[in-house]
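I have placed the structure first, in the form of structure tokens, so that the comments after it can refer back to it.
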Amino acid sequence: MKNTKKWLMTYFLCVILIAGMVIAAVVYVDPFMHYHKPLKDVFYYNLNNERSQNDGITKHFDYDALITGSSMTENFKTTELDEIFGVRSIKVPYSGGSYKELNDNLVIAMRTHPGLKVIVRCLDMDRFFDTKDTMRTDLGKYPEYLYNANPFDDANYLFNRDVLYTRVWNMIRNREKDPGITSFDDYSNWMLSCKFGRKGVFSSPINEPIEKMTLTENEKSTIQENIQINVISLADQYPETEFYYFFPPYSAVWWGNKYQVGLVEKWVAAEKYIIEQILPHENIHLFSWNDRFDITTDLNNYKDISHYGEWVNSWMLVQMKQEKGHLTLENYKVYLEQEQNFYETYDYNSMFAQEDYECDYYAAGLLNQEITQAEPWSMDVDKIHTAVLKNAEAVKINKAGDMEIWCHGKLPVANGDRGDLGEYLYTKDFSGIKFTIDDVTNYRVLSFYGKKINKHGQVSAYVYDETGNVVAEYTNRYSDLDDEWHMYAIDLAGIEGKVSVILNGNYVDDSGAEDSEFAFRRIEVR
């Protein structure tokens, strides 16, 4: 009996000790930042779970501005907001988030950071008819234990198998590698996994509506309650904070889907009702660009009927700062009239004829001129004397001065001996063109066309800063190319100052054929 009692005591002490060690490890590492700021000098914090990590970010980070909303805000870059508005911001998006979910988080943000200067938040038009208590329920059980003040249900976090093994253990095991945290520019950004353009957005014709629907009094009552509680009330409590709300500019196809079921008039009426509730509140700045039909009808800006590329997010921040698209008591009725008239009369099926840009970021370059006022730069006959051509020649192809750069041969380096290709092209040899842009700060995209003419021609494009470091690049394999012209684009966002560009068009070592040829044309920076 005595031995049994001793064994039980030992067993329970071991259980308590192990439980204590688990609790200590989770609290110390704290991958969801539930208890404290991230220990960025010790561990790497991968921000990849919005609903589990946003509460900790909101409570424990240092900031005076905040971006929140649905997936329509996931591609915002806090570095751009900080520069444009002169703030220090975080981004806490909730994919598919309802007005209530966003407001609940903002309540926490204002309670823990009452000096907040700026809040940028989208008001999804798909959510116009939600009730005040609507929450997204298709993502599994909501992690209430991370948001409430009850310490006892923290057991769901402290003894969570995924938290302990997938996060805490891996973070401890890799602690000596590269500690830090995902940047807010990258947090939840989905750009790299998407393809933009008409083919992915518009597949079925838009038909004429059979009947039109109108807004009911019951729906108005639901809208009013939701807007008052989850949109307006917090702004009234904190009059010193500037709230930048916006209706995200869904594509014309989204409107077309509403049109063919007779809902355009109803949706605009709901929008009008919401606008009229919001506008009297002086610290709420309400924006909409649904009347920027050049953007909403260009499907190269969209990956589906509602989600736009990150260049639109960048553009919207500048628009807000410049108060363009700002709805006021003086202009909102004209805006609504133009919006409804356009989307009730537009020839939606004409969008089937749109060109899909082969490189999505070309659309970013087209919009960039409005953002920065930078005039497009192109390599033409007047600039060719400033460039360096190696194993290549410039061929004038028309009277307008358009040129092609014909590259030939192969690089004189043994297969496998070239080391870093970018460094080799910069310091030793290339087949193509090298040119300099004095200041690339206000440009977003380098674009060009390329064509394999013969054998092993391929694309190796590099952008270098003034010290010769590679700051952007694109390469492919000759085996991936056919014999047609193709568009290529390199994202220049965040690159500043003077840069050099090398477009190498032929094989990168001596295993290629001597008569390999490749041509470049329409080299532009926008």
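Chain labels run A, B, ... following the order of the structure tokens; each chain numbers its residues from 1, and ligands are numbered from 1 in the order shown.
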Residues within 7 Å of stretch 371-378 of chain A, please, as a count of residues only. Count only C-alpha atoms; anything in the same chain fewer than 2 positions from it doesn't count. 12
May I have the residues within 7 Å of A:Leu503 as a list in words, using only C-alpha atoms and disregarding those fewer than 3 positions away in the same chain? Gly432, Ile433, Lys434, Ser460, Ala461 and Tyr462 of chain A
May I have the residues from that selection written out with all heavy atoms, as a PDB file, in the first residue's frame?
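File written: result36.pdb
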```pdb
ATOM      1  N   GLY A 432      23.959  40.609 -74.383  1.00  0.00           N
ATOM      2  CA  GLY A 432      22.751  41.416 -74.354  1.00  0.00           C
ATOM      3  C   GLY A 432      23.040  42.876 -74.120  1.00  0.00           C
ATOM      4  O   GLY A 432      23.979  43.442 -74.685  1.00  0.00           O
ATOM      5  N   ILE A 433      22.261  43.489 -73.228  1.00  0.00           N
ATOM      6  CA  ILE A 433      22.343  44.924 -73.008  1.00  0.00           C
ATOM      7  C   ILE A 433      22.430  45.233 -71.525  1.00  0.00           C
ATOM      8  O   ILE A 433      21.795  44.575 -70.695  1.00  0.00           O
ATOM      9  CB  ILE A 433      21.120  45.641 -73.639  1.00  0.00           C
ATOM     10  CG1 ILE A 433      21.248  47.162 -73.496  1.00  0.00           C
ATOM     11  CG2 ILE A 433      19.809  45.141 -73.038  1.00  0.00           C
ATOM     12  CD1 ILE A 433      20.191  47.930 -74.287  1.00  0.00           C
ATOM     13  N   LYS A 434      23.257  46.230 -71.208  1.00  0.00           N
ATOM     14  CA  LYS A 434      23.344  46.757 -69.851  1.00  0.00           C
ATOM     15  C   LYS A 434      23.064  48.252 -69.923  1.00  0.00           C
ATOM     16  O   LYS A 434      23.653  48.959 -70.726  1.00  0.00           O
ATOM     17  CB  LYS A 434      24.732  46.521 -69.259  1.00  0.00           C
ATOM     18  CG  LYS A 434      24.913  47.104 -67.849  1.00  0.00           C
ATOM     19  CD  LYS A 434      26.315  46.842 -67.323  1.00  0.00           C
ATOM     20  CE  LYS A 434      26.515  47.431 -65.934  1.00  0.00           C
ATOM     21  NZ  LYS A 434      27.894  47.205 -65.430  1.00  0.00           N
ATOM     22  N   SER A 460      17.918  36.005 -68.782  1.00  0.00           N
ATOM     23  CA  SER A 460      18.517  36.207 -67.462  1.00  0.00           C
ATOM     24  C   SER A 460      18.544  37.716 -67.247  1.00  0.00           C
ATOM     25  O   SER A 460      19.367  38.413 -67.835  1.00  0.00           O
ATOM     26  CB  SER A 460      19.939  35.640 -67.392  1.00  0.00           C
ATOM     27  OG  SER A 460      19.959  34.272 -67.735  1.00  0.00           O
ATOM     28  N   ALA A 461      17.620  38.211 -66.432  1.00  0.00           N
ATOM     29  CA  ALA A 461      17.487  39.653 -66.221  1.00  0.00           C
ATOM     30  C   ALA A 461      17.790  39.989 -64.768  1.00  0.00           C
ATOM     31  O   ALA A 461      17.236  39.380 -63.852  1.00  0.00           O
ATOM     32  CB  ALA A 461      16.074  40.102 -66.582  1.00  0.00           C
ATOM     33  N   TYR A 462      18.675  40.968 -64.564  1.00  0.00           N
ATOM     34  CA  TYR A 462      19.092  41.343 -63.213  1.00  0.00           C
ATOM     35  C   TYR A 462      19.066  42.857 -63.056  1.00  0.00           C
ATOM     36  O   TYR A 462      19.440  43.594 -63.974  1.00  0.00           O
ATOM     37  CB  TYR A 462      20.500  40.829 -62.911  1.00  0.00           C
ATOM     38  CG  TYR A 462      20.561  39.341 -62.658  1.00  0.00           C
ATOM     39  CD1 TYR A 462      20.644  38.440 -63.718  1.00  0.00           C
ATOM     40  CD2 TYR A 462      20.523  38.836 -61.365  1.00  0.00           C
ATOM     41  CE1 TYR A 462      20.690  37.075 -63.495  1.00  0.00           C
ATOM     42  CE2 TYR A 462      20.583  37.470 -61.125  1.00  0.00           C
ATOM     43  CZ  TYR A 462      20.658  36.598 -62.190  1.00  0.00           C
ATOM     44  OH  TYR A 462      20.694  35.242 -61.966  1.00  0.00           O
TER      45      TYR A 462
END
```
Just list as an MDAnalysis selection string whatever in stretch 112-341 of chain A DSSP marks as alpha helix (DSSP H). chainID A and resid 112 144:147 155:158 161 170:173 198:201 217:227 233:237 252:260 264:278 293:296 310:321 332:341
Show which residues sit within 12 Å of A:Thr436, as a list in words. Count only C-alpha atoms, and ignore same-chain residues fewer than 4 positions away. Trp377, Ser378, Met379, Lys383, Ile384, His385, Thr386, Ala387, Val388, Val440, Tyr462, Val463, Tyr464, Asp465, Glu466, Gly468, Gly497, Lys498, Val499, Ser500, Val501, Ile502, Leu503 and Val525 of chain A
Write a file of the just-selected residues containing C-alpha atoms, as a PDB file, in the first residue's frame.
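Produced file part.pdb, reproduced below:
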```
ATOM      1  CA  TRP A 377      11.020  55.350 -69.367  1.00  0.00           C
ATOM      2  CA  SER A 378      11.898  53.249 -72.417  1.00  0.00           C
ATOM      3  CA  MET A 379      15.076  52.061 -74.082  1.00  0.00           C
ATOM      4  CA  LYS A 383      19.060  56.186 -75.368  1.00  0.00           C
ATOM      5  CA  ILE A 384      20.907  53.306 -76.965  1.00  0.00           C
ATOM      6  CA  HIS A 385      24.193  55.254 -77.004  1.00  0.00           C
ATOM      7  CA  THR A 386      24.123  55.284 -73.174  1.00  0.00           C
ATOM      8  CA  ALA A 387      23.851  51.492 -72.985  1.00  0.00           C
ATOM      9  CA  VAL A 388      26.510  48.798 -73.197  1.00  0.00           C
ATOM     10  CA  VAL A 440      14.113  54.156 -60.090  1.00  0.00           C
ATOM     11  CA  TYR A 462      19.092  41.343 -63.213  1.00  0.00           C
ATOM     12  CA  VAL A 463      18.697  44.709 -61.493  1.00  0.00           C
ATOM     13  CA  TYR A 464      21.655  45.991 -59.421  1.00  0.00           C
ATOM     14  CA  ASP A 465      22.042  48.829 -56.958  1.00  0.00           C
ATOM     15  CA  GLU A 466      24.985  51.264 -57.134  1.00  0.00           C
ATOM     16  CA  GLY A 468      26.520  45.956 -57.648  1.00  0.00           C
ATOM     17  CA  GLY A 497      17.984  55.346 -56.332  1.00  0.00           C
ATOM     18  CA  LYS A 498      20.251  54.584 -59.254  1.00  0.00           C
ATOM     19  CA  VAL A 499      20.208  51.064 -60.678  1.00  0.00           C
ATOM     20  CA  SER A 500      21.851  49.121 -63.470  1.00  0.00           C
ATOM     21  CA  VAL A 501      19.984  46.538 -65.502  1.00  0.00           C
ATOM     22  CA  ILE A 502      21.435  43.630 -67.460  1.00  0.00           C
ATOM     23  CA  LEU A 503      19.277  41.694 -69.895  1.00  0.00           C
ATOM     24  CA  VAL A 525      10.147  51.083 -66.863  1.00  0.00           C
TER      25      VAL A 525
END
```
Please return, as a PyMOL selection string, all residues of stretch 33-114 of chain A that DSSP assigns to strand (DSSP E or B) on the basis of the backbone. chain A and resi 44-45+65-69+89-93
Could you take the residues named above and write them with N, CA, C and O atoms, as a compact mmCIF listing (two decimals), in the first residue's frame?
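Output (again_10.txt):
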```txt
# COMPACT_ATOMS: atom_id res chain seq x y z
N TYR A 44 12.16 32.96 -34.43
CA TYR A 44 11.50 33.50 -35.62
C TYR A 44 10.00 33.26 -35.52
O TYR A 44 9.56 32.12 -35.35
N TYR A 45 9.23 34.33 -35.62
CA TYR A 45 7.77 34.26 -35.53
C TYR A 45 7.18 34.33 -36.93
O TYR A 45 7.26 35.36 -37.60
N ALA A 65 -0.97 53.39 -35.75
CA ALA A 65 -1.88 53.27 -36.88
C ALA A 65 -2.11 51.79 -37.18
O ALA A 65 -1.27 50.94 -36.83
N LEU A 66 -3.21 51.49 -37.82
CA LEU A 66 -3.61 50.10 -37.99
C LEU A 66 -4.38 49.93 -39.28
O LEU A 66 -5.20 50.77 -39.66
N ILE A 67 -4.11 48.83 -39.97
CA ILE A 67 -4.87 48.44 -41.16
C ILE A 67 -5.62 47.16 -40.82
O ILE A 67 -5.02 46.20 -40.32
N THR A 68 -6.92 47.14 -41.08
CA THR A 68 -7.69 45.93 -40.84
C THR A 68 -8.79 45.80 -41.88
O THR A 68 -9.15 46.76 -42.56
N GLY A 69 -9.32 44.60 -41.97
CA GLY A 69 -10.38 44.34 -42.94
C GLY A 69 -10.33 42.89 -43.37
O GLY A 69 -9.63 42.07 -42.79
N SER A 89 2.71 51.63 -38.21
CA SER A 89 1.47 50.85 -38.29
C SER A 89 1.69 49.34 -38.20
O SER A 89 2.79 48.82 -38.40
N ILE A 90 0.57 48.64 -37.91
CA ILE A 90 0.49 47.20 -38.00
C ILE A 90 -0.63 46.86 -38.99
O ILE A 90 -1.44 47.71 -39.35
N LYS A 91 -0.65 45.58 -39.41
CA LYS A 91 -1.73 45.09 -40.28
C LYS A 91 -2.32 43.86 -39.63
O LYS A 91 -1.62 42.89 -39.35
N VAL A 92 -3.64 43.88 -39.38
CA VAL A 92 -4.32 42.74 -38.76
C VAL A 92 -5.58 42.40 -39.56
O VAL A 92 -6.70 42.69 -39.15
N PRO A 93 -5.42 41.77 -40.71
CA PRO A 93 -6.58 41.41 -41.53
C PRO A 93 -7.27 40.14 -41.03
O PRO A 93 -6.66 39.32 -40.34
```
Residue neighbourhood stretch 50-52 of chain A, 12 Å, only C-alpha atoms, exclusion window fewer than 2 positions, as a VMD selection string: chain A and resid 30 to 34 46 to 48 54 to 58 68 to 71 74 91 to 97 101 to 102 104 to 105 136 139 to 147 156 to 157 163 184 187 to 189
When you look at A:Ala513 with a cut-off of 8 Å (counting only C-alpha atoms), what residues show up, excluding the ones that are within fewer than 5 positions of it in the same chain? I need them as a list in words. Gly409, Lys410, Lys455, His456 and Tyr507 of chain A
List the neighbours of A:Tyr302 out to 8 Å using only C-alpha atoms; skip same-chain residues closer than 6 positions along the sequence, and give me the result as an mmCIF file with N, CA, C and O atoms, in the first residue's frame.
```cif
data_model
loop_
_atom_site.group_PDB
_atom_site.id
_atom_site.type_symbol
_atom_site.label_atom_id
_atom_site.label_comp_id
_atom_site.auth_asym_id
_atom_site.auth_seq_id
_atom_site.Cartn_x
_atom_site.Cartn_y
_atom_site.Cartn_z
ATOM 1 N N PHE A 196 -3.662 36.748 -62.537
ATOM 2 C CA PHE A 196 -4.646 37.796 -62.765
ATOM 3 C C PHE A 196 -5.085 37.817 -64.232
ATOM 4 O O PHE A 196 -4.412 37.281 -65.110
ATOM 5 N N GLY A 197 -6.216 38.463 -64.480
ATOM 6 C CA GLY A 197 -6.650 38.651 -65.850
ATOM 7 C C GLY A 197 -7.995 38.033 -66.159
ATOM 8 O O GLY A 197 -8.569 37.278 -65.375
ATOM 9 N N VAL A 201 -11.185 35.450 -64.285
ATOM 10 C CA VAL A 201 -12.206 36.268 -63.639
ATOM 11 C C VAL A 201 -13.567 36.133 -64.318
ATOM 12 O O VAL A 201 -14.607 36.076 -63.659
ATOM 13 N N SER A 251 -14.457 44.133 -59.013
ATOM 14 C CA SER A 251 -14.416 44.224 -60.469
ATOM 15 C C SER A 251 -15.813 44.405 -61.056
ATOM 16 O O SER A 251 -16.836 44.143 -60.402
ATOM 17 N N TYR A 308 -8.330 42.316 -55.903
ATOM 18 C CA TYR A 308 -7.449 43.086 -56.768
ATOM 19 C C TYR A 308 -5.982 42.893 -56.364
ATOM 20 O O TYR A 308 -5.669 42.440 -55.265
ATOM 21 N N GLY A 309 -5.091 43.241 -57.281
ATOM 22 C CA GLY A 309 -3.662 43.119 -57.036
ATOM 23 C C GLY A 309 -3.161 44.145 -56.039
ATOM 24 O O GLY A 309 -3.791 45.179 -55.795
#
```
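Of the listed residues A:Leu329, A:Leu263, A:Ile295, A:Ala392, the one whose atoms come nearest to A:Glu208 is A:Leu263, with distances taken using only C-alpha atoms.
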What's the 9 Å shell around A:Tyr343, counting only C-alpha atoms, without same-chain residues fewer than 5 positions away, as number ranges by chain? A: 252, 255-256, 259, 264, 338, 348
Could you please determine the separation between atom CA of A:Leu492 and atom CA of A:Val381 in Å, to one decimal place? 23.8 Å
Enter the distance from atom CA of A:Ile232 to atom CA of A:Trp311, in Å, rounded to one decimal. 28.7 Å
Would you work out the distance separating atom CA of A:Ser447 from atom CA of A:Ile405, expressed in Å to one decimal?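 Going from atom CA of A:Ser447 over to atom CA of A:Ile405, I get 14.4 Å.
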I'd like to know which of A:Tyr165, A:Trp289, A:Tyr250, A:Tyr474 is closest to A:Asp491, using only C-alpha atoms. A:Tyr474
For A:Asn341, which residue among A:Asn290, A:Asn504, A:Thr222, A:Asn300 is the nearest when counting only C-alpha atoms?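 Ranked by minimum distance to A:Asn341, first place goes to A:Asn290.
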